[in-house]
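Asks: Sharing a structure with you now.
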Amino acid sequence: MIDIHSHVLYGIDDGAQDIEESIEMCHDAYKNGCKTLVLTPHFFDFKHIHGFVKERNHRIENLKIALEEESIPLKLLHGAELFLSDKIFTAGSLDDLTINDSRYMLCEMPLGPFKTDHVLMWFDELLDRGYTPILAHPERYYVFHEDYSLIDEILDRPILLQVNIDSLRGKNGPGPQKMALDMINRKFATLIASDAHDPVFRHTRLNEKLDDLPDELSADDIRLCLEKTPLKVINNQDIL
Ligand SMILES: [Fe+2]
């Protein structure tokens with residue numbers, strides 16, 4: 001499996017706190033069926049893109065060396081989770097923030113209330129710049145629960161949706177679980193990821209989490225969302 005959304009990189013956001021925690025999460029991921037992990041630390045400081053990328057890449061190199069020393073053959077790729085706001089209109093190139101230098105950009109939005117027309121403008125800005133946005137965990141935004149038509153408007157565009165495996169397991173409550181399952185069943189969402197933040201609660205152990213999923217998710221759904229589509233993302237292949 002390929003996990004395209006994780007906060008396993010240490011000391012750069014609210015994910016792994018130190019390199020030991022990163023190594024533990026990588027070990028757990030590999031032992032639980034994940035062969036490739038994309039490191040996607042939160043990114044919101046658009047004034048300092050260069051500094052963020054430099055720091056991220058430095059830590060990734062350190063982590064790769066540590067994994068080699070520990071004989072953990074997990075493949076690590078770079079990415080970021082871009083926090084959408086009006087700041088993207090004046091930001092410089094975002095190329096270094098894409099997943100593995102592909103066209104695919106993992107994005108999140110404010111969880112609270114926001115102007116829906118701004119959401120569409122943010123996505124259109126990314127599309128105009130040549131990126132294909134992947135919206136992380138749409139099931140966690142309550143605005144979508146109240147107004148599903150915004151999802152339709154988003155999906156009128158070439159945008160991918162990624163649901164969190166923990167939402168499918170019901171860990172974020174019944175509303176997000178129902179919506180996440182519905183999005184997979186209707187093929188609105190074609191990606192599932194861990195969004196792992198720590199070794200205990202929001203962890204990287206995908207096989208363990210798969211055992212905990214509702215029966216209505218088929219093996220084909222799982223393969224599509226955790227193998228086939230992620231493989232196209234990291235190889236920058238057409239999906240839509
Ligand atoms: Fe995340």
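Naming works like this for the structure tokens: A, B, ... for the chains as they're shown, residue 1 at the start of each chain, ligands 1 onward in shown order.
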Fewer than 3 positions away in the same chain doesn't count, so skip those; otherwise give me all residues within 9 Å of A:Asp95, counting only C-alpha atoms, as a list in words.
Replies: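 Result of the neighbour search: Thr98, Asp101, Ser102, Arg103, Met105 and Tyr131 of chain A.
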Asks: Take the residues just selected and output them with N, CA and C atoms as a CSV table (one decimal), in the first residue's frame.
Replies:
chain,number,residue,atom,x,y,z
A,98,THR,N,4.3,19.9,-4.0
A,98,THR,CA,3.5,18.8,-4.6
A,98,THR,C,4.0,17.5,-4.1
A,101,ASP,N,7.1,15.7,-6.5
A,101,ASP,CA,7.3,16.6,-7.7
A,101,ASP,C,6.3,16.3,-8.8
A,102,SER,N,5.1,15.8,-8.5
A,102,SER,CA,4.1,15.5,-9.5
A,102,SER,C,3.2,16.8,-9.6
A,103,ARG,N,2.1,16.6,-10.4
A,103,ARG,CA,1.1,17.7,-10.5
A,103,ARG,C,0.2,17.7,-9.3
A,105,MET,N,-1.4,18.1,-5.6
A,105,MET,CA,-1.1,18.9,-4.4
A,105,MET,C,-2.2,18.5,-3.3
A,131,TYR,N,-1.7,22.7,-11.2
A,131,TYR,CA,-1.7,21.6,-10.2
A,131,TYR,C,-3.1,20.9,-10.2
Asks: Grab me every residue within 7 Å of ligand 1, counting only C-alpha atoms and all ligand atoms, and send it over as a VMD selection string.
Replies: chain A and resid 5 to 7 42 81 195
Asks: Could you turn the residues from that selection into a file that holds N, CA and C atoms, as a PDB file, in the first residue's frame?
Replies:
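Dumped to again36.pdb:
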ATOM      1  N   HIS A   5      -0.699  10.513   2.753  1.00  0.00           N
ATOM      2  CA  HIS A   5      -0.946  11.638   3.677  1.00  0.00           C
ATOM      3  C   HIS A   5      -0.524  11.233   5.089  1.00  0.00           C
ATOM      4  N   SER A   6       0.577  11.861   5.564  1.00  0.00           N
ATOM      5  CA  SER A   6       1.045  11.518   6.909  1.00  0.00           C
ATOM      6  C   SER A   6       1.826  12.686   7.520  1.00  0.00           C
ATOM      7  N   HIS A   7       1.830  12.695   8.838  1.00  0.00           N
ATOM      8  CA  HIS A   7       2.617  13.691   9.586  1.00  0.00           C
ATOM      9  C   HIS A   7       3.672  12.940  10.400  1.00  0.00           C
ATOM     10  N   HIS A  42       2.052  19.846   7.550  1.00  0.00           N
ATOM     11  CA  HIS A  42       1.186  21.018   7.315  1.00  0.00           C
ATOM     12  C   HIS A  42       2.022  22.181   6.803  1.00  0.00           C
ATOM     13  N   GLU A  81       0.963  19.313   3.172  1.00  0.00           N
ATOM     14  CA  GLU A  81      -0.492  19.503   3.220  1.00  0.00           C
ATOM     15  C   GLU A  81      -0.725  20.998   3.262  1.00  0.00           C
ATOM     16  N   ASP A 195      -3.334   9.884   7.428  1.00  0.00           N
ATOM     17  CA  ASP A 195      -3.230  11.188   8.100  1.00  0.00           C
ATOM     18  C   ASP A 195      -2.648  10.977   9.507  1.00  0.00           C
TER      19      ASP A 195
END
Asks: Between A:Met121, A:Leu155, A:Ile12, A:Leu39, which is the closest to A:Phe89 once you count only C-alpha atoms?
Replies: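 Going through A:Met121, A:Leu155, A:Ile12, A:Leu39 one by one, the smallest distance to A:Phe89 is for A:Met121.
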Asks: Give me, as a PDB file with C-alpha atoms, in the first residue's frame, all polymer residues having an atom no more than 12 Å from A:Asn185, counting only C-alpha atoms and skipping those fewer than 6 positions away in the same chain.
Replies:
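Output saved as part.pdb:
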ATOM      1  CA  VAL A 163     -10.799  10.274   2.919  1.00  0.00           C
ATOM      2  CA  LEU A 168     -14.151   5.135   7.694  1.00  0.00           C
ATOM      3  CA  LYS A 178     -21.316   7.947   6.794  1.00  0.00           C
ATOM      4  CA  MET A 179     -20.049  10.652   4.460  1.00  0.00           C
ATOM      5  CA  LEU A 191      -7.942   7.837  -2.197  1.00  0.00           C
ATOM      6  CA  GLU A 216     -19.582  -2.674   2.863  1.00  0.00           C
ATOM      7  CA  LEU A 217     -16.139  -1.579   1.647  1.00  0.00           C
ATOM      8  CA  SER A 218     -15.028  -4.107  -0.961  1.00  0.00           C
ATOM      9  CA  ASP A 220     -11.652  -3.622  -4.920  1.00  0.00           C
ATOM     10  CA  ASP A 221     -12.449  -0.290  -3.214  1.00  0.00           C
ATOM     11  CA  ILE A 222      -9.503  -0.762  -0.868  1.00  0.00           C
ATOM     12  CA  LEU A 224      -8.279   1.343  -5.755  1.00  0.00           C
ATOM     13  CA  CYS A 225      -7.896   3.811  -2.887  1.00  0.00           C
TER      14      CYS A 225
END
Asks: Which residue is closest to A:Ile72? Choose from A:Leu37, A:Cys26, A:Phe44, A:Pro110 and count only C-alpha atoms.
Replies: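 Among the listed residues, the smallest separation from A:Ile72 belongs to A:Cys26.
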Asks: Which residue, A:Ile234, A:Ile65, A:Leu161, A:Leu127, has the smallest gap to A:Lys187 when you use only C-alpha atoms?
Replies: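 Using only C-alpha atoms, the shortest distance to A:Lys187 belongs to A:Leu161.
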Asks: One decimal, in Å: what's the spacing between atom CA of A:Ala180 and atom CA of A:Asp166?
Replies: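 Separation of atom CA of A:Ala180 and atom CA of A:Asp166: 9.8 Å.
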Asks: I'd like the neighbourhood of A:Ile159 as a list in words, where a residue qualifies if any of its atoms comes within 10 Å (using only C-alpha atoms), though same-chain residues fewer than 5 positions away should be ignored.
Replies: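 In the requested form, the answer reads Tyr104, Met105, Phe123, Asp124, Leu127, Tyr131, Thr132, Pro133, Ile134, Leu135, Ile154, Phe188, Ala189, Ile239 and Leu240 of chain A.
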Asks: Generate a file of the selected residues that holds C-alpha atoms, formatted as a short mmCIF file (atom, residue, chain, number, x, y, z; two decimals), in the first residue's frame.
Replies:
data_model
loop_
_atom_site.label_atom_id
_atom_site.label_comp_id
_atom_site.auth_asym_id
_atom_site.auth_seq_id
_atom_site.Cartn_x
_atom_site.Cartn_y
_atom_site.Cartn_z
CA TYR A 104 -0.80 16.51 -7.39
CA MET A 105 -1.12 18.88 -4.41
CA PHE A 123 -9.12 25.48 -6.15
CA ASP A 124 -9.37 27.41 -9.42
CA LEU A 127 -5.81 24.50 -11.27
CA TYR A 131 -1.74 21.62 -10.17
CA THR A 132 -4.33 18.93 -9.54
CA PRO A 133 -5.62 19.42 -5.98
CA ILE A 134 -6.29 16.47 -3.70
CA LEU A 135 -8.66 17.62 -0.97
CA ILE A 154 -15.77 20.89 -6.39
CA PHE A 188 -16.30 10.56 -5.48
CA ALA A 189 -13.28 9.73 -3.32
CA ILE A 239 -6.34 9.88 -13.10
CA LEU A 240 -9.29 12.07 -14.12
#
Asks: Any idea what the distance is between atom CA of A:Ser93 and atom CA of A:Arg129?
Replies: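 Rounded to one decimal, the two atoms are 8.8 Å apart.
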Asks: Mind checking DSSP for stretch 21-94 of chain A and telling me the strand (DSSP E or B) residues as a compact mmCIF listing (two decimals) with N, CA and C atoms, in the first residue's frame?
Replies:
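Result written to out_28.txt:
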# COMPACT_ATOMS: atom_id res chain seq x y z
N THR A 36 5.25 2.46 0.70
CA THR A 36 5.66 3.83 0.35
C THR A 36 4.85 4.81 1.18
N LEU A 37 5.56 5.74 1.79
CA LEU A 37 4.89 6.71 2.66
C LEU A 37 5.24 8.13 2.18
N VAL A 38 4.21 8.93 1.95
CA VAL A 38 4.46 10.32 1.56
C VAL A 38 4.40 11.18 2.83
N LEU A 39 5.45 11.97 3.03
CA LEU A 39 5.54 12.84 4.20
C LEU A 39 4.90 14.18 3.84
N HIS A 42 2.05 19.85 7.55
CA HIS A 42 1.19 21.02 7.31
C HIS A 42 2.02 22.18 6.80
N PHE A 43 1.47 22.90 5.82
CA PHE A 43 2.16 24.09 5.32
C PHE A 43 1.15 25.24 5.23
N LYS A 75 9.86 3.17 1.68
CA LYS A 75 10.24 4.25 0.77
C LYS A 75 9.57 5.55 1.20
N LEU A 76 10.35 6.59 1.35
CA LEU A 76 9.81 7.89 1.77
C LEU A 76 9.78 8.85 0.60
N LEU A 77 8.67 9.57 0.44
CA LEU A 77 8.56 10.59 -0.60
C LEU A 77 8.13 11.91 0.05
N HIS A 78 8.46 13.01 -0.62
CA HIS A 78 8.11 14.31 -0.03
C HIS A 78 6.79 14.85 -0.56
N GLU A 81 0.96 19.31 3.17
CA GLU A 81 -0.49 19.50 3.22
C GLU A 81 -0.72 21.00 3.26
N LEU A 82 -1.12 21.50 2.12
CA LEU A 82 -1.23 22.95 1.92
C LEU A 82 -2.52 23.47 2.53
N PHE A 83 -2.41 24.45 3.41
CA PHE A 83 -3.60 25.04 4.03
C PHE A 83 -4.13 26.14 3.11
Asks: Could you pull out the residues in stretch 149-204 of chain A that DSSP calls alpha helix (DSSP H) from the backbone, as an mmCIF file with C-alpha atoms, in the first residue's frame?
Replies:
data_model
loop_
_atom_site.group_PDB
_atom_site.id
_atom_site.type_symbol
_atom_site.label_atom_id
_atom_site.label_comp_id
_atom_site.auth_asym_id
_atom_site.auth_seq_id
_atom_site.Cartn_x
_atom_site.Cartn_y
_atom_site.Cartn_z
ATOM 1 C CA SER A 149 -23.877 20.775 -3.394
ATOM 2 C CA LEU A 150 -20.477 22.327 -2.661
ATOM 3 C CA ILE A 151 -18.949 18.866 -3.114
ATOM 4 C CA ASP A 152 -20.719 18.663 -6.480
ATOM 5 C CA GLU A 153 -19.235 22.022 -7.465
ATOM 6 C CA ILE A 154 -15.773 20.886 -6.392
ATOM 7 C CA LEU A 155 -16.173 17.653 -8.345
ATOM 8 C CA ILE A 165 -9.101 5.699 7.104
ATOM 9 C CA ASP A 166 -9.957 6.642 10.688
ATOM 10 C CA SER A 167 -13.159 8.347 9.489
ATOM 11 C CA LEU A 168 -14.151 5.135 7.694
ATOM 12 C CA PRO A 174 -21.007 8.758 12.758
ATOM 13 C CA GLY A 175 -21.490 11.781 10.452
ATOM 14 C CA PRO A 176 -17.971 11.754 8.974
ATOM 15 C CA GLN A 177 -18.069 7.926 8.783
ATOM 16 C CA LYS A 178 -21.316 7.947 6.794
ATOM 17 C CA MET A 179 -20.049 10.652 4.460
ATOM 18 C CA ALA A 180 -16.652 8.964 3.951
ATOM 19 C CA LEU A 181 -18.334 5.631 3.092
ATOM 20 C CA ASP A 182 -20.763 7.363 0.760
ATOM 21 C CA MET A 183 -17.926 9.139 -1.060
ATOM 22 C CA ILE A 184 -16.073 5.863 -1.606
ATOM 23 C CA ASN A 185 -19.213 4.009 -2.699
#
Asks: What lies within 8 Å of stretch 198-212 of chain A using only C-alpha atoms, ignoring chain neighbours under 6 positions off, as an MDAnalysis selection string?
Replies: chainID A and resid 7:8 15:16 21 24:26 28:29 31:34 165:166 169
Asks: What is the distance between atom CA of A:Glu68 and atom CA of A:Leu9, in Å to one decimal?
Replies: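 Between these atoms lies a distance of 15.6 Å.
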Asks: Within 12 Å of A:Gly112, counting only C-alpha atoms, which residues qualify if same-chain residues fewer than 5 places away don't, as a ChimeraX atom specification?
Replies: /A:140-144
Asks: Given the choices A:Asp3, A:Glu139, A:Asp18, A:Asp45, which gets closest to A:Leu74 if the distance is worked out from only C-alpha atoms?
Replies: A:Asp3
